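**Student:** Just so it is clear, I am handing over start.txt, which has compact mmCIF, C-alpha atoms.
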# COMPACT_ATOMS: atom_id res chain seq x y z
CA MET Z 13 -60.78 -103.30 22.45
CA ILE Z 14 -61.82 -105.37 25.47
CA LYS Z 15 -59.11 -107.82 26.57
CA GLU Z 16 -60.37 -110.67 28.76
CA SER Z 17 -56.94 -111.16 30.31
CA GLU Z 18 -56.82 -107.50 31.35
CA ILE Z 19 -60.22 -107.77 33.01
CA THR Z 20 -58.96 -110.79 34.94
CA ARG Z 21 -55.75 -108.94 35.86
CA ALA Z 22 -57.75 -105.96 37.14
CA ILE Z 23 -59.96 -108.16 39.33
CA LEU Z 24 -57.12 -110.23 40.78
CA SER Z 25 -54.65 -107.42 41.37
CA THR Z 26 -57.10 -105.10 43.11
CA SER Z 27 -58.76 -107.92 45.09
CA VAL Z 28 -55.47 -109.30 46.39
CA GLU Z 29 -54.21 -105.81 47.27
CA GLU Z 30 -57.37 -105.14 49.27
CA PHE Z 31 -57.36 -108.56 50.91
CA LEU Z 32 -53.76 -108.11 52.07
CA ASP Z 33 -54.80 -104.82 53.64
CA ASN Z 34 -57.41 -106.67 55.71
CA LEU Z 35 -55.30 -109.46 57.19
CA GLU Z 36 -55.14 -107.63 60.53
CA VAL Z 37 -58.28 -105.79 61.61
CA ASP Z 38 -60.08 -104.66 64.74
CA VAL Z 39 -63.26 -106.68 64.22
CA VAL Z 40 -64.15 -109.75 62.17
CA ILE Z 41 -67.88 -110.44 61.86
CA ALA Z 42 -69.21 -113.78 60.65
CA GLY Z 43 -72.57 -113.16 58.99
CA ALA Z 44 -74.05 -110.22 57.08
CA GLY Z 45 -77.55 -110.42 58.51
CA PRO Z 46 -79.26 -107.47 60.21
CA SER Z 47 -77.35 -107.73 63.48
CA GLY Z 48 -73.99 -108.27 61.79
CA LEU Z 49 -74.46 -105.33 59.43
CA THR Z 50 -75.64 -103.08 62.27
CA CYS Z 51 -72.74 -104.07 64.50
CA ALA Z 52 -70.27 -103.51 61.67
CA ARG Z 53 -71.60 -100.04 60.82
CA TYR Z 54 -71.53 -98.75 64.38
CA ALA Z 55 -68.04 -100.12 65.00
CA ALA Z 56 -66.73 -98.64 61.75
CA LEU Z 57 -68.27 -95.25 62.53
CA GLN Z 58 -66.07 -95.21 65.63
CA GLY Z 59 -62.97 -95.71 63.51
CA LYS Z 60 -62.63 -99.48 63.82
CA LYS Z 61 -61.38 -101.56 60.91
CA VAL Z 62 -64.15 -104.07 60.28
CA VAL Z 63 -64.59 -106.95 57.85
CA ILE Z 64 -67.63 -109.18 57.41
CA PHE Z 65 -67.42 -112.69 56.00
CA GLU Z 66 -70.76 -113.90 54.64
CA ARG Z 67 -71.16 -117.52 53.54
CA ARG Z 68 -73.82 -116.68 50.96
CA LEU Z 69 -73.73 -114.53 47.84
CA SER Z 70 -76.38 -112.23 49.30
CA LEU Z 71 -76.78 -110.06 52.39
CA GLY Z 72 -79.55 -110.02 54.94
CA GLY Z 73 -79.84 -113.53 56.35
CA GLY Z 74 -83.47 -114.32 57.08
CA MET Z 75 -84.53 -110.67 57.26
CA ILE Z 76 -84.71 -110.20 53.51
CA GLY Z 77 -87.55 -112.76 53.36
CA GLY Z 78 -89.68 -110.70 55.75
CA GLY Z 79 -92.48 -112.76 57.28
CA MET Z 80 -93.07 -115.97 55.33
CA MET Z 81 -91.75 -114.22 52.19
CA PHE Z 82 -94.13 -111.28 52.53
CA PRO Z 83 -91.41 -108.61 52.18
CA ARG Z 84 -92.31 -106.64 55.30
CA ILE Z 85 -90.71 -106.53 58.71
CA VAL Z 86 -91.84 -105.10 62.04
CA VAL Z 87 -89.66 -103.11 64.41
CA GLN Z 88 -90.41 -101.43 67.71
CA LYS Z 89 -90.19 -97.65 68.10
CA GLN Z 90 -86.72 -97.73 69.68
CA ALA Z 91 -85.27 -99.83 66.87
CA SER Z 92 -86.96 -97.69 64.21
CA LEU Z 93 -84.42 -94.97 65.03
CA ILE Z 94 -81.62 -97.23 63.79
CA LEU Z 95 -83.38 -97.62 60.43
CA LYS Z 96 -84.18 -93.92 60.25
CA GLU Z 97 -80.45 -93.16 60.49
CA ILE Z 98 -79.94 -94.89 57.13
CA ASN Z 99 -83.10 -93.48 55.52
CA VAL Z 100 -85.21 -96.63 55.46
CA LYS Z 101 -88.81 -95.66 54.79
CA LEU Z 102 -90.98 -96.62 57.77
CA LYS Z 103 -94.73 -96.88 58.10
CA GLU Z 104 -96.21 -96.34 61.54
CA TYR Z 105 -98.56 -99.24 62.25
CA ASN Z 106 -99.56 -98.15 65.74
CA GLU Z 107 -97.93 -96.45 68.73
CA GLN Z 108 -95.64 -99.43 69.33
CA TYR Z 109 -94.79 -100.83 65.90
CA PHE Z 110 -93.39 -99.65 62.60
CA THR Z 111 -93.19 -101.68 59.40
CA ALA Z 112 -90.60 -101.49 56.63
CA ASP Z 113 -89.85 -103.14 53.30
CA SER Z 114 -87.42 -105.96 54.11
CA VAL Z 115 -85.54 -105.69 50.81
CA GLU Z 116 -85.11 -101.93 51.15
CA ALA Z 117 -83.99 -102.28 54.76
CA ILE Z 118 -81.30 -104.85 54.02
CA SER Z 119 -80.11 -103.04 50.89
CA LYS Z 120 -79.68 -99.78 52.78
CA MET Z 121 -78.08 -101.51 55.78
CA GLY Z 122 -75.49 -103.07 53.51
CA ALA Z 123 -74.82 -99.81 51.69
CA ALA Z 124 -74.59 -97.88 54.98
CA ALA Z 125 -72.08 -100.36 56.39
CA ILE Z 126 -69.94 -100.08 53.27
CA ASP Z 127 -70.16 -96.28 53.34
CA ALA Z 128 -68.96 -96.39 56.95
CA GLY Z 129 -65.85 -98.26 55.81
CA VAL Z 130 -66.84 -101.90 56.36
CA ARG Z 131 -65.46 -104.46 53.90
CA ILE Z 132 -67.87 -107.29 53.10
CA TYR Z 133 -66.60 -110.55 51.59
CA PRO Z 134 -69.31 -112.82 50.16
CA ALA Z 135 -69.04 -116.60 49.75
CA ILE Z 136 -66.48 -116.91 52.55
CA VAL Z 137 -67.18 -118.86 55.72
CA VAL Z 138 -65.49 -118.60 59.13
CA GLU Z 139 -64.74 -122.26 59.74
CA ASP Z 140 -62.64 -121.97 62.90
CA LEU Z 141 -61.19 -119.51 65.38
CA VAL Z 142 -57.66 -118.56 66.31
CA ILE Z 143 -56.99 -119.03 70.04
CA ARG Z 144 -53.95 -117.27 71.53
CA GLU Z 145 -52.39 -116.61 74.90
CA GLN Z 146 -54.64 -116.19 77.92
CA ASP Z 147 -57.28 -118.31 76.18
CA ARG Z 148 -58.54 -115.53 73.95
CA VAL Z 149 -60.06 -115.58 70.49
CA SER Z 150 -57.65 -113.59 68.34
CA GLY Z 151 -58.75 -114.16 64.78
CA ALA Z 152 -60.88 -116.00 62.25
CA VAL Z 153 -60.00 -119.01 60.12
CA ILE Z 154 -61.64 -118.59 56.72
CA ASN Z 155 -62.31 -120.60 53.59
CA TRP Z 156 -64.52 -120.43 50.51
CA SER Z 157 -68.08 -121.52 51.23
CA ALA Z 158 -67.96 -123.73 48.13
CA VAL Z 159 -65.02 -125.64 49.60
CA GLN Z 160 -67.00 -126.38 52.74
CA THR Z 161 -70.12 -127.34 50.77
CA ALA Z 162 -68.14 -129.70 48.54
CA GLY Z 163 -66.42 -131.28 51.52
CA MET Z 164 -62.99 -130.76 50.01
CA HIS Z 165 -59.90 -130.75 52.19
CA VAL Z 166 -58.43 -127.36 51.35
CA ASP Z 167 -56.40 -125.59 53.99
CA PRO Z 168 -57.82 -122.22 55.09
CA LEU Z 169 -56.36 -118.75 55.59
CA VAL Z 170 -56.44 -116.52 58.66
CA VAL Z 171 -57.43 -112.96 59.47
CA MET Z 172 -56.26 -111.69 62.86
CA SER Z 173 -58.45 -109.37 64.91
CA GLU Z 174 -59.06 -107.90 68.33
CA TYR Z 175 -62.61 -109.32 68.33
CA VAL Z 176 -64.60 -111.87 66.39
CA VAL Z 177 -68.38 -111.50 66.31
CA ASP Z 178 -70.68 -114.50 65.89
CA ALA Z 179 -73.56 -113.16 63.82
CA THR Z 180 -74.30 -116.52 62.19
CA GLY Z 181 -77.90 -116.65 63.37
CA HIS Z 182 -79.79 -119.67 64.67
CA GLU Z 183 -76.81 -121.96 64.02
CA CYS Z 184 -74.39 -119.95 66.24
CA ASP Z 185 -71.63 -121.57 64.19
CA LEU Z 186 -68.66 -119.90 65.84
CA ALA Z 187 -69.76 -120.63 69.38
CA ARG Z 188 -70.43 -124.26 68.41
CA THR Z 189 -67.03 -124.58 66.76
CA LEU Z 190 -65.32 -123.09 69.81
CA GLU Z 191 -67.14 -125.50 72.12
CA ARG Z 192 -66.61 -128.56 69.90
CA LYS Z 193 -62.89 -128.03 69.41
CA ASN Z 194 -62.16 -126.89 72.96
CA PRO Z 195 -64.19 -129.11 75.34
CA ASP Z 196 -62.86 -127.35 78.45
CA VAL Z 197 -64.17 -123.95 77.33
CA LYS Z 198 -66.68 -122.31 79.66
CA LEU Z 199 -69.07 -119.84 78.07
CA THR Z 200 -70.87 -117.11 80.01
CA THR Z 201 -74.18 -119.01 80.03
CA SER Z 202 -75.82 -120.48 83.12
CA THR Z 203 -74.45 -123.91 82.22
CA GLY Z 204 -71.14 -122.81 80.74
CA LYS Z 205 -72.25 -124.45 77.49
CA ILE Z 206 -74.51 -123.71 74.52
CA ILE Z 207 -78.09 -124.23 75.71
CA GLY Z 208 -79.96 -124.13 72.38
CA GLU Z 209 -82.73 -121.95 70.98
CA LYS Z 210 -86.27 -122.42 72.31
CA SER Z 211 -89.62 -122.28 70.54
CA MET Z 212 -91.20 -118.95 69.63
CA TRP Z 213 -92.13 -116.43 72.29
CA ALA Z 214 -91.57 -113.02 70.72
CA ASP Z 215 -91.81 -110.93 73.87
CA GLN Z 216 -89.18 -112.96 75.73
CA GLY Z 217 -87.01 -113.36 72.67
CA GLU Z 218 -86.93 -109.64 71.90
CA ASP Z 219 -86.07 -108.70 75.46
CA ARG Z 220 -83.38 -111.26 76.11
CA ILE Z 221 -81.61 -111.01 72.76
CA VAL Z 222 -80.52 -107.56 73.89
CA SER Z 223 -79.72 -108.33 77.53
CA ASN Z 224 -77.69 -111.41 76.55
CA THR Z 225 -75.67 -109.71 73.81
CA LYS Z 226 -72.21 -110.00 75.29
CA GLU Z 227 -68.69 -111.37 75.11
CA VAL Z 228 -69.47 -115.04 75.61
CA TYR Z 229 -65.76 -115.96 75.70
CA PRO Z 230 -62.74 -113.62 75.67
CA GLY Z 231 -62.58 -112.10 72.21
CA LEU Z 232 -65.81 -113.73 70.97
CA VAL Z 233 -68.93 -111.53 70.99
CA LEU Z 234 -72.45 -112.73 70.18
CA THR Z 235 -75.08 -110.74 68.36
CA GLY Z 236 -78.47 -111.46 66.81
CA MET Z 237 -80.04 -114.89 66.84
CA ALA Z 238 -76.73 -116.47 67.80
CA VAL Z 239 -77.40 -114.90 71.22
CA ASN Z 240 -80.70 -116.71 71.67
CA ALA Z 241 -79.31 -120.00 70.41
CA VAL Z 242 -76.41 -119.93 72.86
CA PHE Z 243 -78.38 -118.70 75.88
CA GLY Z 244 -81.47 -120.88 75.43
CA VAL Z 245 -83.87 -118.07 74.56
CA PRO Z 246 -87.03 -118.31 72.41
CA ARG Z 247 -87.07 -117.21 68.78
CA MET Z 248 -89.30 -114.29 67.82
CA GLY Z 249 -90.22 -114.47 64.15
CA ALA Z 250 -90.47 -111.46 61.83
CA ILE Z 251 -90.05 -108.72 64.42
CA PHE Z 252 -86.52 -107.41 64.07
CA GLY Z 253 -86.09 -104.62 66.59
CA GLY Z 254 -84.09 -106.76 68.98
CA MET Z 255 -81.78 -107.88 66.18
CA LEU Z 256 -80.90 -104.28 65.33
CA ILE Z 257 -80.44 -103.20 68.94
CA SER Z 258 -78.34 -106.31 69.60
CA GLY Z 259 -76.02 -105.35 66.74
CA LYS Z 260 -75.62 -101.83 68.07
CA ARG Z 261 -75.05 -103.12 71.60
CA ALA Z 262 -72.37 -105.57 70.41
CA ALA Z 263 -70.46 -102.70 68.81
CA GLU Z 264 -70.78 -100.58 71.94
CA LEU Z 265 -69.56 -103.42 74.16
CA MET Z 266 -66.41 -103.88 72.11
CA LEU Z 267 -65.71 -100.17 72.13
CA MET Z 268 -66.31 -99.91 75.89
CA THR Z 269 -64.02 -102.85 76.60
CA ASN Z 270 -61.23 -101.35 74.52
CA GLU Z 271 -61.57 -97.98 76.25
CA ALA Z 272 -61.54 -99.64 79.67
CA GLY Z 273 -58.43 -101.62 78.71
What does the file become when written as structure tokens?
**Tutor:**
Amino acid sequence: MIKESEITRAILSTSVEEFLDNLEVDVVIAGAGPSGLTCARYAALQGKKVVIFERRLSLGGGMIGGGMMFPRIVVQKQASLILKEINVKLKEYNEQYFTADSVEAISKMGAAAIDAGVRIYPAIVVEDLVIREQDRVSGAVINWSAVQTAGMHVDPLVVMSEYVVDATGHECDLARTLERKNPDVKLTTSTGKIIGEKSMWADQGEDRIVSNTKEVYPGLVLTGMAVNAVFGVPRMGAIFGGMLISGKRAAELMLMTNEAG
């Protein structure tokens, strides 16, 4: 006999137990797009405790829509190796480009991150950051996405971490929140402030999304399109190699910094 109350008890008891186990982690990532999922997987494979908070009920950000909802993406040869690691089927278009099914790619990226030990929480938004001694980001302030959408005043909860990763895409939500709430903050851009994303130029965008993937403020790392939005770099459309490499680079930077420390 199915008891509705027992189903509810099973969901609540196991969810709360797991959530309590993730109140202190190594890495919090805001956004389960391609760069966030890639960053999470590589960090988790190195033994880091990683959680992703995704504001939507689905993974993938803009990648799942491919190019103008044609469900195909393009990646360069170097980035194709990242997809090959998780058994995404690739079609060689020419010597420089490979194409892949966008839905397959995101599905396998999500599954691979979970298999590596990453915990993904849907419908939760990072609405603020925890700032601690020595002016360092030390955690994420979280709430239900529905609370934010409804404009309700409901106090949030906190997850503490060694690093927080802004993988929120074009909006660069975490960097904007940090700047808005802490006017004296200086980011590692040429102006010390968020510059804003520029119009499309795929070649420049793909190159600089990787070179500008960095710790933009102590404890806050940028990856994916949040990089280009903060550093004033052009967008690049449905080519996703730079997004994947940016995610991998973000994970490597956090690991290198910890080892150096």
**Student:** Using only C-alpha atoms, which residue out of Z:Ala42, Z:Met248, Z:Ile207, Z:Ala179 lies closest to Z:Thr225?
**Tutor:**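 Among the listed residues, the smallest separation from Z:Thr225 belongs to Z:Ala179.
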**Student:** Using all atoms listed in the file, which protein or nucleic acid residues come within 7 Å of Z:Ala128? Drop anything in the same chain fewer than 5 positions from it, and give the result as a list of chain:residue names.
**Tutor:** Z:Arg53, Z:Ala56, Z:Leu57
**Student:** Mind writing the picked residues with C-alpha atoms as a PDB file, in the frame of the given file?
**Tutor:**
ATOM      1  CA  ARG Z  53     -71.600-100.040  60.820  1.00  0.00           C
ATOM      2  CA  ALA Z  56     -66.730 -98.640  61.750  1.00  0.00           C
ATOM      3  CA  LEU Z  57     -68.270 -95.250  62.530  1.00  0.00           C
TER       4      LEU Z  57
END
**Student:** I'd like the interatomic distance between atom CA of Z:Val28 and atom CA of Z:Gln58, to a tenth of an Å.
**Tutor:**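 The value is 26.1 Å.
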**Student:** Report as a Markdown table the residues of stretch 82-146 of chain Z within 12 Å of stretch 174-178 of chain Z, each with its shortest atom pair and distance in Å (one decimal), using all atoms listed in the file, ordered by chain and increasing residue number.
**Tutor:**
| residue | atom | partner | partner_atom | distance |
| --- | --- | --- | --- | --- |
| Z:Val137 | CA | Z:Asp178 | CA | 11.6 |
| Z:Val138 | CA | Z:Asp178 | CA | 9.5 |
| Z:Glu139 | CA | Z:Asp178 | CA | 11.5 |
| Z:Asp140 | CA | Z:Val176 | CA | 10.9 |
| Z:Leu141 | CA | Z:Val176 | CA | 8.4 |
| Z:Val142 | CA | Z:Val176 | CA | 9.6 |
| Z:Ile143 | CA | Z:Val176 | CA | 11.1 |
| Z:Arg144 | CA | Z:Glu174 | CA | 11.1 |
**Student:** If you count only C-alpha atoms, which residues fall within 12 Å of Z:Val86, apart from same-chain ones fewer than 4 positions away, as a ChimeraX atom specification?
**Tutor:** /Z:75,78-79,82,90-92,95,102-106,108-114,117,214,218,248-256
**Student:** Identify which of the residues Z:Val100, Z:Leu199, Z:Met121, Z:Met212 lies closest to Z:Arg247, counting only C-alpha atoms when measuring atom-to-atom distances.
**Tutor:**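 With only C-alpha atoms as the atom set, the closest residue is Z:Met212.
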**Student:** Smallest atom-to-atom distance to Z:Arg68: which of Z:Met80, Z:Leu49, Z:Leu32, Z:Ala158, using all atoms listed in the file?
**Tutor:**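 The closest residue to Z:Arg68 is Z:Ala158.
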**Student:** Residues near Z:Phe65, anyone? I mean within 8 Å using all atoms listed in the file, not counting same-chain ones fewer than 3 positions away, as a count of residues only.
**Tutor:** 12
**Student:** Could you pull the residues within 9 Å of Z:Glu209, counting only C-alpha atoms, minus those fewer than 3 positions along the same chain, as number ranges by chain?
**Tutor:** Z: 182, 237-247
**Student:** How far is it from atom CA of Z:Ile98 to atom CA of Z:Leu186, in Å with one decimal?
**Tutor:**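 Pair atom CA of Z:Ile98 / atom CA of Z:Leu186 returns 28.8 Å.
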**Student:** So, counting all atoms listed in the file, which residue among Z:Ile206, Z:Val39, Z:Ile126, Z:Leu234 is closest to Z:Gly151?
**Tutor:** Z:Val39
**Student:** Using all atoms of stretch 58-63 of chain Z that appear in the file, construct an axis-aligned enclosing box with 8 Å of padding on every side and provide its centre coordinates and edge lengths in Å, rounded to one decimal, as lines of an AutoDock Vina configuration file.
**Tutor:**
center_x = -63.7
center_y = -101.1
center_z = 61.7
size_x = 20.7
size_y = 27.7
size_z = 23.8
**Student:** Determine the nearest neighbour of Z:Met268 from the options Z:Ser157, Z:Lys226, Z:Lys210, Z:Ala187, counting all atoms listed in the file.
**Tutor:**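 Of the candidates, the smallest distance to Z:Met268 is held by Z:Lys226.
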**Student:** Hey, can you check how far atom CA of Z:Val130 sits from atom CA of Z:Ala52?
**Tutor:** 6.5 Å
**Student:** Skip Z:Asp167 itself and residues of its chain fewer than 3 positions away, then list as a ChimeraX atom specification all residues within 12 Å of it, counting only C-alpha atoms.
**Tutor:** /Z:139-140,153-156,159-160,163-164,170
